[in-house]
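Only one structure is covered here, and it is reproduced in the block below.
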Amino acid sequence: MTTRKSAALGRYSIGMGDRFGLQGVAQARAVQQAEQEGVIVTPVWNKSNREHQLVGTLPADVRIEADAAVQTLGWTHPYFVDADHIGFKNVGGFIDACDFFTLDVADAIGHTVPAEMVNALVKHLSPYVGNLQLPGLDEPLPLDTATLQSSAHQYLAAVQEAARLYHHIAKGRGARPFLVEVSMDEVNQPQSPADLLVILAALAAEKVPVRTIAPRFTGAFHKGVDYIGDPAQFEREFDADAAVVAFAVRKFGLPPDLKLSVHSGSDKFAIYPAIRRVTRRRECGVHLKTAGTTWLEEAAGLAESGDEGLAIVKEIYAQSLARFDEFCAPYAAVIAIERTHLPAMETVANWEGWRFAKALRHNHTNCLEFNPHLRQLLHVGYKAAAEMGPRYRNAVTAAEAFVGPAVTRNLLERHIRPLFLGE
């Protein structure tokens with residue numbers, strides 16, 4: 001496959017969301033520290049159209065933030081700005097500012113495609129029917145014609161949507177290079193390794209030079225909290241998927257640096273050891289996409305700063321309680337909040353800053369004050385902060401001594417170190 005010339009994403013990369021565009025330097029410090037410790041982790045600043053609309057920003061604002069952050073710190077390695085979870089309806093505003101595009105085609109899964117297209121893909125894959133032995137797997141991957149047909153029926157329309165979107169972006173970008181991720185994670189049914197094989201074969205046939213692929217893994221990937229599921233099962237699945245990716249690169253001509261992407265990847269401490277083991281054993285890469293974890297550290301830092309900062313986060317929590325359904329509805333598929341486990345506003349009103357920060361901050365080392373339900377609610381409650389306008393932004397700036405180090409520490413110590421630097 002002929003691919004457009006572009007900077008390399010690298011073996012390890014991390015998607016960093018920044019709701020209000022104030023933490024670019026603090027985020028970049030985390031990858032800079034990782035570099036000093038011997039591992040290059042490529043930063044990718046990601047922001048979705050929904051987040052831009054709620055906060056009142058534009059894709060160009062993220063580009064300005066990223067460029068300024070790397071210039072401030074002297075970062076000399078590649079970095080990217082990601083048009084996160086885009087489709088035809090909203091891609092236009094991202095084409096000039098972004099050089100990484102997450103093509104969200106989950107809505108097209110299961111759509112009908114002509115039988116001849118399904119048959120052509122199945123015929124293309126027929127040499128692999130049987131028990132496909134992939135390097136590093138104890139058990140062969142069972143493939144039969146019925147499985148291939150089922151997967152093609154289920155995913156071919158989504159692949160074709162990705163291809164149309166990719167070629168639309170390529171036309172708009174002209175000679176300017178960009179990277180592509182294909183996302184099929186925001187669905188209820190996980191994709192099997194056989195499904196992933198069919199998806200990658202179809203992407204190659206459609207000439208989409210996908211660099212990262214985000215399948216739906218087994219287990220629950222809720223926003224801002226730990227993985228819910230069996231880490232051992234996840235490891236087996238992730239390992240099989242990594243084997244499929246390597247096979248697809250060899251057999252279908254996909255880019256040699258193609259790798260798996262884990263969405264809603266922040267705070268998934270239970271599976272970081274599994275991902276680390278697989279990537280080291282297979283000498284492959286991974287892209288970890290985070291988003292709201294930085295905004296939550298911003299809020300925790302504000303609480304710790306006291307006075308106006310603490311008053312602001314209490315107001316945000318009060319608004320989030322009062323507008324629970326409004327704030328949660330857009331994220332219903334990726335949160336699990338028990339309203340009865342949320343502290344009453346009368347209780348929170350009396351909290352000191354340290355107490356609020358402990359309830360909010362995801363300390364996975366057995367912090368008794370941590371409340372995952374409060375954390376998830378504030379994860380989706382950033383609209384209340386956005387509605388405060390300059391008052392919120394000014395408070396964050398005033399509390400930089402608390403906020404900035406918290407953002408850096410969260411990315412470096414809770415995410416980058418255990419995933420990319422751990423033994």
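Each chain in the structure tokens gets a letter, A, B and so on, in the order shown; residues start at 1 in every chain, and ligands are counted from 1 in the order they appear.
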
Write down as a ChimeraX atom specification the residues belonging to stretch 210-398 of chain A that are assigned strand (DSSP E) by DSSP computed on the backbone. /A:212-214,259-262,286-289

Same residues, C-alpha atoms, output as a compact mmCIF listing (two decimals), in the first residue's frame:
```
# COMPACT_ATOMS: atom_id res chain seq x y z
CA THR A 212 -3.98 3.02 14.91
CA ILE A 213 -7.06 0.84 15.28
CA ALA A 214 -9.40 1.14 18.26
CA LYS A 259 -0.80 -0.47 16.41
CA LEU A 260 -3.74 -0.91 18.75
CA SER A 261 -5.41 2.06 20.39
CA VAL A 262 -7.13 1.91 23.77
CA VAL A 286 0.14 1.07 21.68
CA HIS A 287 -1.75 4.35 21.65
CA LEU A 288 -3.47 5.23 24.93
CA LYS A 289 -6.22 7.79 24.54
```

List the neighbours of A:Ala162 out to 8 Å using only C-alpha atoms; skip same-chain residues closer than 6 positions along the sequence, and give me the result as a PDB file with N, CA and C atoms, in the first residue's frame.
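Here's the written file selection-v2.pdb:
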```pdb
ATOM      1  N   LEU A 103     -11.331   8.482  13.029  1.00  0.00           N
ATOM      2  CA  LEU A 103     -12.535   8.295  12.235  1.00  0.00           C
ATOM      3  C   LEU A 103     -13.499   7.398  13.004  1.00  0.00           C
ATOM      4  N   ASP A 104     -14.544   7.987  13.529  1.00  0.00           N
ATOM      5  CA  ASP A 104     -15.519   7.241  14.329  1.00  0.00           C
ATOM      6  C   ASP A 104     -16.623   6.736  13.410  1.00  0.00           C
ATOM      7  N   VAL A 105     -16.564   5.458  13.120  1.00  0.00           N
ATOM      8  CA  VAL A 105     -17.518   4.863  12.175  1.00  0.00           C
ATOM      9  C   VAL A 105     -18.377   3.798  12.847  1.00  0.00           C
ATOM     10  N   VAL A 182      -8.834   4.487  13.090  1.00  0.00           N
ATOM     11  CA  VAL A 182     -10.203   4.041  12.868  1.00  0.00           C
ATOM     12  C   VAL A 182     -10.744   3.520  14.190  1.00  0.00           C
ATOM     13  N   VAL A 208      -6.934   2.492   2.925  1.00  0.00           N
ATOM     14  CA  VAL A 208      -6.901   3.384   4.082  1.00  0.00           C
ATOM     15  C   VAL A 208      -5.644   3.052   4.889  1.00  0.00           C
TER      16      VAL A 208
END
```

At a cut-off of 12 Å, using only C-alpha atoms, what residues contact A:Phe247? Leave out same-chain residues fewer than 2 positions from it and give the result as a PyMOL selection string. chain A and resi 128+132-136+141+193-194+196-198+200-201+240-245+249-256+258-259

Neighbours of A:Phe356 within 10 Å (only C-alpha atoms; same-chain residues fewer than 2 positions away dropped), as an MDAnalysis selection string? chainID A and resid 299:304 310 313:314 348:354 358:361 369:371 374

Within 6 Å of stretch 329-340 of chain A, counting only C-alpha atoms, which residues show up once you throw out same-chain ones fewer than 2 positions away? Write them as number ranges by chain, please. A: 222-223, 325-327, 342, 373

Residues from last step as file, C-alpha atoms, as a CSV table (one decimal), in the first residue's frame:
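Result file is result.csv:
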```csv
chain,number,residue,atom,x,y,z
A,222,HIS,CA,-16.0,3.9,31.9
A,223,LYS,CA,-14.8,7.5,31.9
A,325,ASP,CA,-29.7,13.9,33.4
A,326,GLU,CA,-28.5,16.7,31.1
A,327,PHE,CA,-24.8,16.3,31.8
A,342,LEU,CA,-23.2,10.7,45.4
A,373,HIS,CA,-19.4,8.2,41.3
```

Point out the residue among A:Gly229, A:Pro140, A:Pro418, A:Gly224 with the least atom-to-atom distance to A:Gln376, counting only C-alpha atoms. A:Gly224

Compile the contact shell of A:Ala120 as a PDB file with N, CA and C atoms, in the first residue's frame: residues with an atom at most 12 Å away, counting only C-alpha atoms, same-chain residues fewer than 6 positions apart removed.
```pdb
ATOM      1  N   VAL A 113     -24.667  -4.035   3.181  1.00  0.00           N
ATOM      2  CA  VAL A 113     -23.806  -3.815   2.023  1.00  0.00           C
ATOM      3  C   VAL A 113     -24.160  -4.857   0.971  1.00  0.00           C
ATOM      4  N   PRO A 114     -23.882  -4.579  -0.310  1.00  0.00           N
ATOM      5  CA  PRO A 114     -24.197  -5.550  -1.363  1.00  0.00           C
ATOM      6  C   PRO A 114     -23.508  -6.890  -1.130  1.00  0.00           C
ATOM      7  N   SER A 126     -10.016 -16.147   1.857  1.00  0.00           N
ATOM      8  CA  SER A 126     -10.191 -17.608   1.839  1.00  0.00           C
ATOM      9  C   SER A 126      -8.888 -18.393   2.041  1.00  0.00           C
ATOM     10  N   LEU A 148     -16.107 -15.499   8.581  1.00  0.00           N
ATOM     11  CA  LEU A 148     -15.702 -14.391   7.709  1.00  0.00           C
ATOM     12  C   LEU A 148     -16.910 -13.672   7.130  1.00  0.00           C
ATOM     13  N   GLN A 149     -17.906 -14.415   6.708  1.00  0.00           N
ATOM     14  CA  GLN A 149     -19.108 -13.805   6.155  1.00  0.00           C
ATOM     15  C   GLN A 149     -19.839 -12.973   7.202  1.00  0.00           C
ATOM     16  N   ALA A 152     -17.837  -9.791   7.842  1.00  0.00           N
ATOM     17  CA  ALA A 152     -17.926  -8.885   6.696  1.00  0.00           C
ATOM     18  C   ALA A 152     -19.277  -8.186   6.663  1.00  0.00           C
ATOM     19  N   HIS A 153     -20.350  -8.935   6.892  1.00  0.00           N
ATOM     20  CA  HIS A 153     -21.682  -8.329   6.942  1.00  0.00           C
ATOM     21  C   HIS A 153     -21.766  -7.266   8.040  1.00  0.00           C
ATOM     22  N   LEU A 156     -18.282  -4.316   7.182  1.00  0.00           N
ATOM     23  CA  LEU A 156     -17.842  -3.781   5.897  1.00  0.00           C
ATOM     24  C   LEU A 156     -18.385  -2.382   5.644  1.00  0.00           C
ATOM     25  N   VAL A 198     -10.770  -9.241   9.698  1.00  0.00           N
ATOM     26  CA  VAL A 198     -11.632  -8.854   8.580  1.00  0.00           C
ATOM     27  C   VAL A 198     -11.621  -7.340   8.405  1.00  0.00           C
ATOM     28  N   ALA A 201      -8.263  -6.244   6.890  1.00  0.00           N
ATOM     29  CA  ALA A 201      -8.187  -6.644   5.482  1.00  0.00           C
ATOM     30  C   ALA A 201      -9.023  -5.717   4.614  1.00  0.00           C
ATOM     31  N   ALA A 202     -10.200  -5.368   5.103  1.00  0.00           N
ATOM     32  CA  ALA A 202     -11.080  -4.481   4.344  1.00  0.00           C
ATOM     33  C   ALA A 202     -10.507  -3.072   4.253  1.00  0.00           C
ATOM     34  N   ALA A 205      -7.893  -3.116   1.640  1.00  0.00           N
ATOM     35  CA  ALA A 205      -8.492  -3.179   0.308  1.00  0.00           C
ATOM     36  C   ALA A 205      -9.041  -1.829  -0.122  1.00  0.00           C
TER      37      ALA A 205
END
```

For stretch 325-408 of chain A versus stretch 35-56 of chain A, which residues have an atom no more than 10 Å away, and what is each residue's nearest atom pair and distance in Å rounded to one decimal, using only C-alpha atoms, chain-then-number order, as a Markdown table?
```
| residue | atom | partner | partner_atom | distance |
| --- | --- | --- | --- | --- |
| A:Pro330 | CA | A:Arg50 | CA | 9.2 |
| A:Tyr382 | CA | A:Val55 | CA | 8.2 |
| A:Lys383 | CA | A:Leu54 | CA | 6.0 |
| A:Ala384 | CA | A:Leu54 | CA | 9.4 |
| A:Ala385 | CA | A:Val55 | CA | 8.5 |
| A:Ala386 | CA | A:Val55 | CA | 5.2 |
| A:Glu387 | CA | A:Val55 | CA | 7.9 |
| A:Gly389 | CA | A:Val55 | CA | 8.8 |
```

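Excluding A:Thr408 and any residue on its chain fewer than 6 positions from it, the residues at most 8 Å away by only C-alpha atoms are A:Ala26, A:Gln27, A:Ala28, A:Arg29, A:Ala30.
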